[in-house]
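Structure first, then comments.
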Amino acid sequence: MVHGELWTIKELFVLPNEYIYWSIQIVMYPYMTGLVAGAFVLSSLYHVFNVESLKNIARFALVFSFALLPVAMMPLMLHLQQPLRGVHVLMTPHFTSAISAFGIVFLGYGFIVAAEIWFVYRTYIVRNIVRLREKVDRSAGETLLLTIHKIIALGAYDLSEKAVAADHKAVRLLATIGIPVACFLHGYAGFIFGSVKANALWMTPLMPVIFICSAIVSGIALCILSYAVFMEIRKMIAKRSQPGPGQIAELRSIEKHEVHSTARYLLLFMTLAITLELLDVIFRGYTAVKSWDIIREVIYNKDFVKIFIFQYGIGNVLPFILLLLPRLSTRRACLACLLVLFGVFMMRWNVVIGGQAFSLTFAGFMEYHMPVIPTSMETFKEGLTGAVSVAITPFILFYFLNKIFPAFIRDEKH
Amino acid sequence: MKRREFLKTSLMFVSGASVSLGALEFFDVREVLAAHPEVRWGFLVDTYKCVGCGFCVKACKTENEIPFEANVTRTWVERYVTLNDGRVLADSPKGARDGFTTSKIDRASEGFEDVPQDEISQAFFVPKLCNQCDNPPCVQVCPVGATYQADDGVVLVDRKWCIGCGYCIMGCPYGARFFNPVTHVADKCNFCYHRITKGLNTACAQACPFGARQVGNLKDPDDPITKILLTQRVGILKDEFGTKPQVLYIGLNKEVR
Ligand code: SF4
Ligand code: SF4
């Protein structure tokens with residue numbers, strides 16, 4: 001069977017070679033990259049602009065964005081027909097291609113995040129090494145942690161005031177450079193689509209900006225949500241270990257405060273993202289070039305539910321109202337964030353799959369029937385199971401990263 | 001000496017056969033021809049002559065080892081039927097591999113549509129293939145340079161280097177590309193490069209009993225297809241994309257997409 005045939009349903013006049021070639025993994029790709037970029041921008045809000053109220057969530061967002069980082073690569077690899085040759089992109093980059101720059105931008109960005117984490121956690125790492133070294137009855141886990149910390153400390157044990165101040169300066173600098181690089185990383189994921197002139201839906205210079213805005217929205221929403229979940233877990237642990245009400249109340253108040261102030265930024269970026277997406281649709285309708293007939297058919301007819309109900313209704317308007325209503329509770333904020341994440345996912349879906357919903361003939365349609373139960377490598381990779389594996393990986397990575405760089409310590413300045 | 005001149009002179013030598021055997025070891029005639037700036041392969045399709053028999057599609061599949069049963073093809077034939085009420089129906093069942101054997105129109109998942117003969121105002125066939133664009137978007141977007149353009153204009157795919165990302169398939173406005181089900185890399189028509197560079201005809205042109213397809217050198221004023229181009233009105237597909245296609249059509253009309 002030909003690649004794509006398994007999940008493509010053709011309707012009316014479609015060219016013989018046309019199939020949905022870019023399936024769920026190419027939806028996951030901008031989605032995951034967007035989460036990385038969004039989480040990083042959130043952490044930078046504190047480091048660069050000194051938004052004091054975001055102090056706690058900023059460190060969490062930084063570590064979390066590091067955990068998300070390798071996952072941005074995963075969907076691309078899973079999607080390749082020749083995954084073992086993926087490295088060719090780095091060996092023979094062909095610079096007129098938008099994808100070929102990905103490796104370079106991605107590595108550069110990864111380096112910035114890694115360096116920033118290092119500077120943020122250096123004091124902690126050194127202290128931990130000192131503490132663990134002195135401890136006589138180290139557990140196996142602690143010995144392992146000590147070794148890891150010794151390696152990543154890179155021999156920089158100086159904790160003098162001057163050295164720590166230099167760390168802070170470096171963090172700030174890296175966070176500042178990181179913002180444009182994160183935006184670029186994602187904007188350029190939008191460029192991969194926006195520059196395909198053969199595709200009437202993708203072909204717009206707005207694509208990169210639309211992608212950046214929704215990326216920041218999804219990143220912030222994910223951070224709020226996971227932050228709240230992890231705080232919940234910590235509350236549970238605190239309750240079990242020392243049932244005094246003091247610590248739990250404190251945790252609760254921090255959580256509420258962080259969630260509240262972050263939600264305000266979420267609203268801001270949501271407004272921006274929705275405005276741009278609507279502008280795109282209005283502009284297309286207004287100029288109504290040749291392709292508008294078929295695009296309108298897809299937007300207002302074929303994909304109406306996916307676009308107007310799922311993406312705009314449930315994914316944008318509803319959480320917007322939930323966040324705007326007075327007396328925002330953590331639970332309501334979490335619900336809103338969940339919907340926002342769903343909305344952004346639907347936006348990616350509607351762009352990637354929706355862009356392939358009509359034929360190059362402008363006279364036929366194609367539909368993607370996502371494989372749910374994997375029967376072969378192909379249906380595993382480009383179906384529900386592949387998407388879910390991509391989605392859970394960052395949480396597994398975060399679990400391990402959190403052991404090395406605890407995302408919830410709050411004694412030091414950063 | 002510039003590379004171009006170098007090749008030009010060597011071509012003269014080779015074709016003049018006044019060259020030592022030692023030089024022949026270094027210069028393969030085919031390679032020199034391919035790199036020679038005086039060659040630009042082009043293709044001429046005469047839609048008036050095409051009857052939709054599908055012999056070309058069959059011949060192409062056999063020649064280029066594209067599995068016969070697979071629903072992808074390097075070349076295909078489309079049928080256009082205009083009705084009296086202005087409706088335009090088009091189809092290309094299995095790329096017209098078996099020709100058009102019924103007057104019913106293939107509407108994919110909607111089944112076949114029967115059109116009454118007396119309601120048809122116009123009907124014709126349009127063979128399609130890779131346009132070997134002068135400004136090929138598929139070459140532009142390939143992240144590893146696996147799709148490239150030879151100096152004689154033909155766009156080729158390096159099967160050993162393609163990573164199978166599908167970007168080129170997305171980039172081609174003509175639907176000429178697909179994933180080869182055997183090699184699992186991007187595939188498309190290459191004007192039977194292995195044949196034309198040996199002075200042979202393409203498999204499809206050779207198989208066409210009506211002479212609807214012709215391949216030739218657009219830089220040679222004496223080539224039969226160049227002569228037609230100079231004296232007749234010809235059209236290209238999807239001009240608005242600026243890809244500068246080199247497959248030229250006689251008798252194209254606005255219904256053709
Ligand atoms: S027709 Fe498509 S595959 Fe052929 S050269 Fe043009 S863009 Fe490339
Ligand atoms: S599928 Fe192959 S030839 Fe096409 S763009 Fe990707 S690497 Fe290049």
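In the structure tokens, chains take letters A, B, ... by order of appearance, with residues numbered from 1 within each chain and ligands from 1 in the order shown.
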
Which residues are near ligand 1 in this structure, taking near to mean any atom at most 8 Å from a ligand atom and counting only C-alpha atoms and all ligand atoms? Format them as a PDB file with all heavy atoms, in the first residue's frame.
```
ATOM      1  N   LEU B 129       2.497  15.041 -16.240  1.00  0.00           N
ATOM      2  CA  LEU B 129       3.749  14.471 -15.740  1.00  0.00           C
ATOM      3  C   LEU B 129       4.519  15.580 -15.034  1.00  0.00           C
ATOM      4  O   LEU B 129       4.035  16.718 -14.987  1.00  0.00           O
ATOM      5  CB  LEU B 129       4.567  13.884 -16.893  1.00  0.00           C
ATOM      6  CG  LEU B 129       5.069  14.828 -17.989  1.00  0.00           C
ATOM      7  CD1 LEU B 129       6.154  14.133 -18.782  1.00  0.00           C
ATOM      8  CD2 LEU B 129       3.967  15.248 -18.936  1.00  0.00           C
ATOM      9  N   CYS B 130       5.681  15.271 -14.495  1.00  0.00           N
ATOM     10  CA  CYS B 130       6.472  16.320 -13.844  1.00  0.00           C
ATOM     11  C   CYS B 130       6.836  17.358 -14.888  1.00  0.00           C
ATOM     12  O   CYS B 130       7.209  17.036 -16.010  1.00  0.00           O
ATOM     13  CB  CYS B 130       7.742  15.744 -13.232  1.00  0.00           C
ATOM     14  SG  CYS B 130       8.935  17.023 -12.729  1.00  0.00           S
ATOM     15  N   ASN B 131       6.727  18.619 -14.507  1.00  0.00           N
ATOM     16  CA  ASN B 131       6.964  19.711 -15.460  1.00  0.00           C
ATOM     17  C   ASN B 131       8.421  20.108 -15.582  1.00  0.00           C
ATOM     18  O   ASN B 131       8.746  21.026 -16.321  1.00  0.00           O
ATOM     19  CB  ASN B 131       6.135  20.920 -15.060  1.00  0.00           C
ATOM     20  CG  ASN B 131       4.673  20.741 -15.390  1.00  0.00           C
ATOM     21  OD1 ASN B 131       4.272  20.890 -16.521  1.00  0.00           O
ATOM     22  ND2 ASN B 131       3.881  20.357 -14.403  1.00  0.00           N
ATOM     23  N   GLN B 132       9.300  19.463 -14.846  1.00  0.00           N
ATOM     24  CA  GLN B 132      10.740  19.777 -14.870  1.00  0.00           C
ATOM     25  C   GLN B 132      10.923  21.300 -14.849  1.00  0.00           C
ATOM     26  O   GLN B 132      11.639  21.864 -15.664  1.00  0.00           O
ATOM     27  CB  GLN B 132      11.425  19.169 -16.091  1.00  0.00           C
ATOM     28  CG  GLN B 132      11.045  17.740 -16.387  1.00  0.00           C
ATOM     29  CD  GLN B 132      11.473  16.738 -15.316  1.00  0.00           C
ATOM     30  OE1 GLN B 132      12.198  17.086 -14.385  1.00  0.00           O
ATOM     31  NE2 GLN B 132      11.030  15.515 -15.407  1.00  0.00           N
ATOM     32  N   CYS B 133      10.273  21.919 -13.882  1.00  0.00           N
ATOM     33  CA  CYS B 133      10.248  23.382 -13.780  1.00  0.00           C
ATOM     34  C   CYS B 133      11.635  24.002 -13.846  1.00  0.00           C
ATOM     35  O   CYS B 133      12.605  23.438 -13.354  1.00  0.00           O
ATOM     36  CB  CYS B 133       9.599  23.792 -12.471  1.00  0.00           C
ATOM     37  SG  CYS B 133       8.048  22.988 -12.143  1.00  0.00           S
ATOM     38  N   ASP B 134      11.678  25.204 -14.442  1.00  0.00           N
ATOM     39  CA  ASP B 134      12.924  25.951 -14.453  1.00  0.00           C
ATOM     40  C   ASP B 134      13.193  26.555 -13.083  1.00  0.00           C
ATOM     41  O   ASP B 134      14.323  26.867 -12.737  1.00  0.00           O
ATOM     42  CB  ASP B 134      12.833  27.074 -15.494  1.00  0.00           C
ATOM     43  CG  ASP B 134      13.865  26.874 -16.582  1.00  0.00           C
ATOM     44  OD1 ASP B 134      14.670  25.937 -16.441  1.00  0.00           O
ATOM     45  OD2 ASP B 134      13.852  27.644 -17.556  1.00  0.00           O
ATOM     46  N   ASN B 135      12.119  26.757 -12.332  1.00  0.00           N
ATOM     47  CA  ASN B 135      12.244  27.285 -10.979  1.00  0.00           C
ATOM     48  C   ASN B 135      11.522  26.315 -10.055  1.00  0.00           C
ATOM     49  O   ASN B 135      10.447  26.591  -9.551  1.00  0.00           O
ATOM     50  CB  ASN B 135      11.593  28.685 -10.954  1.00  0.00           C
ATOM     51  CG  ASN B 135      11.690  29.315  -9.591  1.00  0.00           C
ATOM     52  OD1 ASN B 135      12.484  28.900  -8.752  1.00  0.00           O
ATOM     53  ND2 ASN B 135      10.854  30.305  -9.336  1.00  0.00           N
ATOM     54  N   PRO B 136      12.125  25.136  -9.852  1.00  0.00           N
ATOM     55  CA  PRO B 136      11.386  24.054  -9.194  1.00  0.00           C
ATOM     56  C   PRO B 136      11.269  24.224  -7.680  1.00  0.00           C
ATOM     57  O   PRO B 136      12.275  24.204  -6.973  1.00  0.00           O
ATOM     58  CB  PRO B 136      12.216  22.803  -9.520  1.00  0.00           C
ATOM     59  CG  PRO B 136      13.573  23.306  -9.867  1.00  0.00           C
ATOM     60  CD  PRO B 136      13.472  24.739 -10.255  1.00  0.00           C
ATOM     61  N   PRO B 137      10.042  24.380  -7.186  1.00  0.00           N
ATOM     62  CA  PRO B 137       9.863  24.513  -5.741  1.00  0.00           C
ATOM     63  C   PRO B 137      10.309  23.268  -4.978  1.00  0.00           C
ATOM     64  O   PRO B 137      10.727  23.361  -3.820  1.00  0.00           O
ATOM     65  CB  PRO B 137       8.363  24.739  -5.562  1.00  0.00           C
ATOM     66  CG  PRO B 137       7.736  24.443  -6.865  1.00  0.00           C
ATOM     67  CD  PRO B 137       8.775  24.517  -7.913  1.00  0.00           C
ATOM     68  N   CYS B 138      10.238  22.100  -5.631  1.00  0.00           N
ATOM     69  CA  CYS B 138      10.624  20.865  -4.951  1.00  0.00           C
ATOM     70  C   CYS B 138      12.124  20.882  -4.635  1.00  0.00           C
ATOM     71  O   CYS B 138      12.547  20.429  -3.575  1.00  0.00           O
ATOM     72  CB  CYS B 138      10.277  19.656  -5.808  1.00  0.00           C
ATOM     73  SG  CYS B 138      10.943  19.710  -7.473  1.00  0.00           S
ATOM     74  N   VAL B 139      12.917  21.435  -5.555  1.00  0.00           N
ATOM     75  CA  VAL B 139      14.362  21.532  -5.315  1.00  0.00           C
ATOM     76  C   VAL B 139      14.622  22.550  -4.207  1.00  0.00           C
ATOM     77  O   VAL B 139      15.449  22.345  -3.323  1.00  0.00           O
ATOM     78  CB  VAL B 139      15.090  21.950  -6.615  1.00  0.00           C
ATOM     79  CG1 VAL B 139      16.551  22.252  -6.334  1.00  0.00           C
ATOM     80  CG2 VAL B 139      14.965  20.869  -7.663  1.00  0.00           C
ATOM     81  N   VAL B 154      16.513  18.816 -16.188  1.00  0.00           N
ATOM     82  CA  VAL B 154      15.705  17.749 -15.598  1.00  0.00           C
ATOM     83  C   VAL B 154      15.913  17.705 -14.081  1.00  0.00           C
ATOM     84  O   VAL B 154      17.034  17.801 -13.593  1.00  0.00           O
ATOM     85  CB  VAL B 154      16.042  16.379 -16.230  1.00  0.00           C
ATOM     86  CG1 VAL B 154      15.215  15.273 -15.598  1.00  0.00           C
ATOM     87  CG2 VAL B 154      15.786  16.430 -17.724  1.00  0.00           C
ATOM     88  N   VAL B 155      14.801  17.610 -13.359  1.00  0.00           N
ATOM     89  CA  VAL B 155      14.851  17.557 -11.899  1.00  0.00           C
ATOM     90  C   VAL B 155      14.938  16.092 -11.470  1.00  0.00           C
ATOM     91  O   VAL B 155      14.096  15.286 -11.862  1.00  0.00           O
ATOM     92  CB  VAL B 155      13.611  18.234 -11.296  1.00  0.00           C
ATOM     93  CG1 VAL B 155      13.585  18.080  -9.781  1.00  0.00           C
ATOM     94  CG2 VAL B 155      13.586  19.705 -11.684  1.00  0.00           C
ATOM     95  N   CYS B 168       8.988  18.062  -0.452  1.00  0.00           N
ATOM     96  CA  CYS B 168       8.925  18.305  -1.899  1.00  0.00           C
ATOM     97  C   CYS B 168       7.549  17.959  -2.455  1.00  0.00           C
ATOM     98  O   CYS B 168       7.066  18.611  -3.372  1.00  0.00           O
ATOM     99  CB  CYS B 168      10.002  17.501  -2.609  1.00  0.00           C
ATOM    100  SG  CYS B 168       9.889  15.733  -2.296  1.00  0.00           S
ATOM    101  N   ILE B 169       6.930  16.932  -1.864  1.00  0.00           N
ATOM    102  CA  ILE B 169       5.600  16.540  -2.331  1.00  0.00           C
ATOM    103  C   ILE B 169       4.619  17.673  -2.041  1.00  0.00           C
ATOM    104  O   ILE B 169       3.770  18.013  -2.852  1.00  0.00           O
ATOM    105  CB  ILE B 169       5.141  15.239  -1.635  1.00  0.00           C
ATOM    106  CG1 ILE B 169       6.170  14.139  -1.875  1.00  0.00           C
ATOM    107  CG2 ILE B 169       3.767  14.825  -2.116  1.00  0.00           C
ATOM    108  CD1 ILE B 169       5.818  12.799  -1.261  1.00  0.00           C
ATOM    109  N   GLY B 171       5.483  20.751  -1.779  1.00  0.00           N
ATOM    110  CA  GLY B 171       5.890  21.949  -2.513  1.00  0.00           C
ATOM    111  C   GLY B 171       5.497  21.934  -3.978  1.00  0.00           C
ATOM    112  O   GLY B 171       5.414  22.983  -4.608  1.00  0.00           O
ATOM    113  N   CYS B 172       5.252  20.767  -4.543  1.00  0.00           N
ATOM    114  CA  CYS B 172       4.947  20.689  -5.982  1.00  0.00           C
ATOM    115  C   CYS B 172       3.489  21.058  -6.237  1.00  0.00           C
ATOM    116  O   CYS B 172       2.590  20.413  -5.730  1.00  0.00           O
ATOM    117  CB  CYS B 172       5.222  19.282  -6.511  1.00  0.00           C
ATOM    118  SG  CYS B 172       4.705  19.070  -8.236  1.00  0.00           S
ATOM    119  N   PRO B 173       3.248  22.099  -7.025  1.00  0.00           N
ATOM    120  CA  PRO B 173       1.866  22.525  -7.268  1.00  0.00           C
ATOM    121  C   PRO B 173       1.135  21.614  -8.253  1.00  0.00           C
ATOM    122  O   PRO B 173      -0.043  21.811  -8.506  1.00  0.00           O
ATOM    123  CB  PRO B 173       2.010  23.920  -7.881  1.00  0.00           C
ATOM    124  CG  PRO B 173       3.462  24.259  -7.847  1.00  0.00           C
ATOM    125  CD  PRO B 173       4.214  22.987  -7.702  1.00  0.00           C
ATOM    126  N   TYR B 174       1.835  20.629  -8.822  1.00  0.00           N
ATOM    127  CA  TYR B 174       1.234  19.819  -9.881  1.00  0.00           C
ATOM    128  C   TYR B 174       0.867  18.409  -9.426  1.00  0.00           C
ATOM    129  O   TYR B 174       0.356  17.626 -10.212  1.00  0.00           O
ATOM    130  CB  TYR B 174       2.200  19.740 -11.066  1.00  0.00           C
ATOM    131  CG  TYR B 174       2.563  21.108 -11.584  1.00  0.00           C
ATOM    132  CD1 TYR B 174       3.748  21.724 -11.208  1.00  0.00           C
ATOM    133  CD2 TYR B 174       1.694  21.794 -12.422  1.00  0.00           C
ATOM    134  CE1 TYR B 174       4.066  22.994 -11.659  1.00  0.00           C
ATOM    135  CE2 TYR B 174       2.008  23.062 -12.876  1.00  0.00           C
ATOM    136  CZ  TYR B 174       3.186  23.658 -12.500  1.00  0.00           C
ATOM    137  OH  TYR B 174       3.499  24.908 -12.936  1.00  0.00           O
ATOM    138  N   GLY B 175       1.173  18.073  -8.176  1.00  0.00           N
ATOM    139  CA  GLY B 175       0.878  16.722  -7.707  1.00  0.00           C
ATOM    140  C   GLY B 175       1.688  15.674  -8.439  1.00  0.00           C
ATOM    141  O   GLY B 175       1.266  14.535  -8.584  1.00  0.00           O
ATOM    142  N   ALA B 176       2.876  16.066  -8.910  1.00  0.00           N
ATOM    143  CA  ALA B 176       3.685  15.143  -9.706  1.00  0.00           C
ATOM    144  C   ALA B 176       4.433  14.146  -8.833  1.00  0.00           C
ATOM    145  O   ALA B 176       4.856  13.103  -9.310  1.00  0.00           O
ATOM    146  CB  ALA B 176       4.680  15.927 -10.555  1.00  0.00           C
ATOM    147  N   ARG B 177       4.592  14.492  -7.541  1.00  0.00           N
ATOM    148  CA  ARG B 177       5.448  13.656  -6.685  1.00  0.00           C
ATOM    149  C   ARG B 177       4.661  12.740  -5.761  1.00  0.00           C
ATOM    150  O   ARG B 177       3.520  13.021  -5.417  1.00  0.00           O
ATOM    151  CB  ARG B 177       6.327  14.565  -5.826  1.00  0.00           C
ATOM    152  CG  ARG B 177       7.334  15.312  -6.628  1.00  0.00           C
ATOM    153  CD  ARG B 177       8.163  16.185  -5.732  1.00  0.00           C
ATOM    154  NE  ARG B 177       9.410  16.475  -6.384  1.00  0.00           N
ATOM    155  CZ  ARG B 177      10.555  15.886  -6.081  1.00  0.00           C
ATOM    156  NH1 ARG B 177      10.607  15.003  -5.119  1.00  0.00           N
ATOM    157  NH2 ARG B 177      11.643  16.196  -6.739  1.00  0.00           N
ATOM    158  N   LYS B 188       9.194  10.644  -8.791  1.00  0.00           N
ATOM    159  CA  LYS B 188       8.431  11.408  -9.781  1.00  0.00           C
ATOM    160  C   LYS B 188       9.018  11.144 -11.169  1.00  0.00           C
ATOM    161  O   LYS B 188      10.091  10.540 -11.279  1.00  0.00           O
ATOM    162  CB  LYS B 188       8.503  12.899  -9.484  1.00  0.00           C
ATOM    163  CG  LYS B 188       9.887  13.443  -9.724  1.00  0.00           C
ATOM    164  CD  LYS B 188       9.890  14.938  -9.743  1.00  0.00           C
ATOM    165  CE  LYS B 188      11.232  15.455 -10.175  1.00  0.00           C
ATOM    166  NZ  LYS B 188      11.511  15.211 -11.597  1.00  0.00           N
ATOM    167  N   CYS B 189       8.340  11.637 -12.176  1.00  0.00           N
ATOM    168  CA  CYS B 189       8.824  11.511 -13.555  1.00  0.00           C
ATOM    169  C   CYS B 189      10.154  12.233 -13.715  1.00  0.00           C
ATOM    170  O   CYS B 189      10.347  13.325 -13.192  1.00  0.00           O
ATOM    171  CB  CYS B 189       7.789  12.127 -14.490  1.00  0.00           C
ATOM    172  SG  CYS B 189       8.459  12.646 -16.074  1.00  0.00           S
ATOM    173  N   THR B 243       6.665  28.762 -11.483  1.00  0.00           N
ATOM    174  CA  THR B 243       7.623  27.658 -11.469  1.00  0.00           C
ATOM    175  C   THR B 243       8.288  27.463 -12.833  1.00  0.00           C
ATOM    176  O   THR B 243       9.219  26.697 -12.957  1.00  0.00           O
ATOM    177  CB  THR B 243       6.917  26.338 -11.088  1.00  0.00           C
ATOM    178  OG1 THR B 243       5.807  26.182 -11.957  1.00  0.00           O
ATOM    179  CG2 THR B 243       6.419  26.378  -9.661  1.00  0.00           C
ATOM    180  N   PRO B 245       7.230  25.973 -15.857  1.00  0.00           N
ATOM    181  CA  PRO B 245       7.216  24.569 -16.296  1.00  0.00           C
ATOM    182  C   PRO B 245       7.723  24.391 -17.718  1.00  0.00           C
ATOM    183  O   PRO B 245       7.564  25.284 -18.554  1.00  0.00           O
ATOM    184  CB  PRO B 245       5.741  24.178 -16.201  1.00  0.00           C
ATOM    185  CG  PRO B 245       4.976  25.415 -16.021  1.00  0.00           C
ATOM    186  CD  PRO B 245       5.887  26.488 -15.571  1.00  0.00           C
TER     187      PRO B 245
END
```

Please report as a tab-separated table every residue of chain A lying within 9 Å of ligand 2, along with the nearest atom pair and their distance in Å (one decimal), using only C-alpha atoms and all ligand atoms.
```
residue	atom	partner	partner_atom_place_in_ligand_line	distance
A:Leu80	CA	ligand 2	1 (S)	8.3
A:Gln81	CA	ligand 2	1 (S)	8.0
A:Gln82	CA	ligand 2	2 (Fe)	8.9
A:His88	CA	ligand 2	7 (S)	8.8
A:Val89	CA	ligand 2	7 (S)	8.5
A:Ser97	CA	ligand 2	5 (S)	8.5
```

For the residues in the current selection, export N, CA, C and O atoms as a short mmCIF file (atom, residue, chain, number, x, y, z; two decimals), in the first residue's frame.
```cif
data_model
loop_
_atom_site.label_atom_id
_atom_site.label_comp_id
_atom_site.auth_asym_id
_atom_site.auth_seq_id
_atom_site.Cartn_x
_atom_site.Cartn_y
_atom_site.Cartn_z
N LEU A 80 9.52 10.79 9.34
CA LEU A 80 10.37 10.53 8.18
C LEU A 80 10.16 9.11 7.64
O LEU A 80 10.03 8.16 8.40
N GLN A 81 10.19 9.00 6.31
CA GLN A 81 10.10 7.68 5.71
C GLN A 81 11.44 6.95 5.83
O GLN A 81 11.50 5.75 5.74
N GLN A 82 12.49 7.72 6.00
CA GLN A 82 13.84 7.14 6.17
C GLN A 82 14.45 7.73 7.44
O GLN A 82 15.39 8.51 7.38
N HIS A 88 21.21 13.39 7.84
CA HIS A 88 21.61 14.06 6.59
C HIS A 88 21.31 15.55 6.63
O HIS A 88 21.97 16.34 5.97
N VAL A 89 20.27 15.91 7.40
CA VAL A 89 19.89 17.33 7.47
C VAL A 89 21.04 18.15 8.04
O VAL A 89 21.28 19.29 7.64
N SER A 97 16.00 25.53 1.90
CA SER A 97 14.90 24.80 2.52
C SER A 97 14.69 25.25 3.96
O SER A 97 15.64 25.34 4.73
#
```

**Fill in**
Counting only C-alpha atoms, the residue among B:Tyr249, B:Phe191, B:Tyr167, B:Phe68 that lies closest to Arg40 of chain B is B:Phe191

**Request:** Residues of chain A no more than 6 Å from chain B, counting only C-alpha atoms: send them over as a ChimeraX atom specification.
**Result:** /A:2,10-13,16-17,80-82,85,89,92-94,96-97,99-100,196,198,361

Got time to write the residues from that selection, N, CA, C and O atoms, as a short mmCIF file (atom, residue, chain, number, x, y, z; two decimals), in the first residue's frame?
```cif
data_model
loop_
_atom_site.label_atom_id
_atom_site.label_comp_id
_atom_site.auth_asym_id
_atom_site.auth_seq_id
_atom_site.Cartn_x
_atom_site.Cartn_y
_atom_site.Cartn_z
N VAL A 2 0.40 2.24 -0.72
CA VAL A 2 1.14 3.48 -0.87
C VAL A 2 1.07 4.31 0.42
O VAL A 2 0.05 4.29 1.10
N LYS A 10 -10.61 10.07 -0.29
CA LYS A 10 -10.70 11.06 -1.36
C LYS A 10 -12.14 11.28 -1.77
O LYS A 10 -12.94 10.34 -1.74
N GLU A 11 -12.42 12.50 -2.16
CA GLU A 11 -13.78 12.84 -2.56
C GLU A 11 -13.73 13.71 -3.81
O GLU A 11 -12.91 14.63 -3.88
N LEU A 12 -14.55 13.41 -4.78
CA LEU A 12 -14.59 14.12 -6.06
C LEU A 12 -13.24 14.04 -6.79
O LEU A 12 -12.58 13.01 -6.72
N PHE A 13 -12.82 15.11 -7.46
CA PHE A 13 -11.66 15.01 -8.34
C PHE A 13 -10.35 15.33 -7.60
O PHE A 13 -10.02 16.48 -7.35
N PRO A 16 -4.13 11.60 -8.81
CA PRO A 16 -3.80 10.24 -8.37
C PRO A 16 -2.70 10.17 -7.31
O PRO A 16 -2.70 9.26 -6.49
N ASN A 17 -1.75 11.10 -7.32
CA ASN A 17 -0.65 11.02 -6.35
C ASN A 17 -0.94 11.75 -5.04
O ASN A 17 -0.09 11.79 -4.16
N LEU A 80 9.52 10.79 9.34
CA LEU A 80 10.37 10.53 8.18
C LEU A 80 10.16 9.11 7.64
O LEU A 80 10.03 8.16 8.40
N GLN A 81 10.19 9.00 6.31
CA GLN A 81 10.10 7.68 5.71
C GLN A 81 11.44 6.95 5.83
O GLN A 81 11.50 5.75 5.74
N GLN A 82 12.49 7.72 6.00
CA GLN A 82 13.84 7.14 6.17
C GLN A 82 14.45 7.73 7.44
O GLN A 82 15.39 8.51 7.38
N ARG A 85 18.14 8.26 8.15
CA ARG A 85 18.90 9.25 7.39
C ARG A 85 18.67 10.66 7.91
O ARG A 85 19.14 11.63 7.31
N VAL A 89 20.27 15.91 7.40
CA VAL A 89 19.89 17.33 7.47
C VAL A 89 21.04 18.15 8.04
O VAL A 89 21.28 19.29 7.64
N THR A 92 24.22 17.71 5.23
CA THR A 92 24.13 18.45 3.97
C THR A 92 22.99 19.45 4.03
O THR A 92 22.00 19.31 3.33
N PRO A 93 23.09 20.42 4.91
CA PRO A 93 21.98 21.39 4.97
C PRO A 93 21.85 22.12 3.64
O PRO A 93 22.84 22.53 3.05
N HIS A 94 20.63 22.22 3.18
CA HIS A 94 20.37 22.85 1.90
C HIS A 94 19.61 24.13 2.21
O HIS A 94 18.43 24.10 2.52
N THR A 96 18.20 26.68 1.01
CA THR A 96 16.97 27.28 0.50
C THR A 96 15.76 26.60 1.14
O THR A 96 14.65 27.03 0.97
N SER A 97 16.00 25.53 1.90
CA SER A 97 14.90 24.80 2.52
C SER A 97 14.69 25.25 3.96
O SER A 97 15.64 25.34 4.73
N ILE A 99 13.22 23.61 6.32
CA ILE A 99 13.45 22.55 7.31
C ILE A 99 14.93 22.42 7.67
O ILE A 99 15.29 22.14 8.80
N SER A 100 15.80 22.67 6.68
CA SER A 100 17.21 22.39 6.93
C SER A 100 17.79 23.30 8.00
O SER A 100 18.74 22.94 8.69
N VAL A 196 5.12 27.39 1.64
CA VAL A 196 4.75 26.40 0.61
C VAL A 196 3.74 27.03 -0.34
O VAL A 196 2.56 27.09 -0.05
N ALA A 198 2.56 26.05 -3.06
CA ALA A 198 1.60 25.14 -3.68
C ALA A 198 0.36 24.95 -2.82
O ALA A 198 -0.64 24.44 -3.28
N THR A 361 -6.36 20.25 -7.44
CA THR A 361 -7.26 20.54 -8.56
C THR A 361 -8.27 21.62 -8.17
O THR A 361 -8.98 22.12 -9.02
#
```

**Request:** Could you give me the residues within segment 4-177 of chain B that DSSP places in strand (DSSP E or B), as an MDAnalysis selection string?
**Result:** chainID B and resid 41:46 76:83 88:91 105:106 108 112:113 120:128 147:149 155:157

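If you look at atom CA of Val164 of chain A and atom CA of Ser261 of chain A, they are 28.0 Å away from each other.
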
**Message:** Which residues are close to segment 174-179 of chain A, i.e. within 6 Å by only C-alpha atoms, leaving aside same-chain residues fewer than 2 positions away? Reply as a ChimeraX atom specification.
**Reply:** /A:41,44,116,171-172,181-182

So that I have them on file, write out the residues from the current selection with C-alpha atoms, as an mmCIF file, in the first residue's frame.
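Final file, again.cif:
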```cif
data_model
loop_
_atom_site.group_PDB
_atom_site.id
_atom_site.type_symbol
_atom_site.label_atom_id
_atom_site.label_comp_id
_atom_site.auth_asym_id
_atom_site.auth_seq_id
_atom_site.Cartn_x
_atom_site.Cartn_y
_atom_site.Cartn_z
ATOM 1 C CA VAL A 41 9.139 32.993 27.067
ATOM 2 C CA SER A 44 12.053 34.948 30.657
ATOM 3 C CA GLU A 116 20.657 29.380 31.420
ATOM 4 C CA VAL A 171 21.061 34.353 33.374
ATOM 5 C CA ARG A 172 19.615 37.675 32.466
ATOM 6 C CA VAL A 181 15.613 32.891 19.555
ATOM 7 C CA ALA A 182 12.581 31.068 20.995
#
```
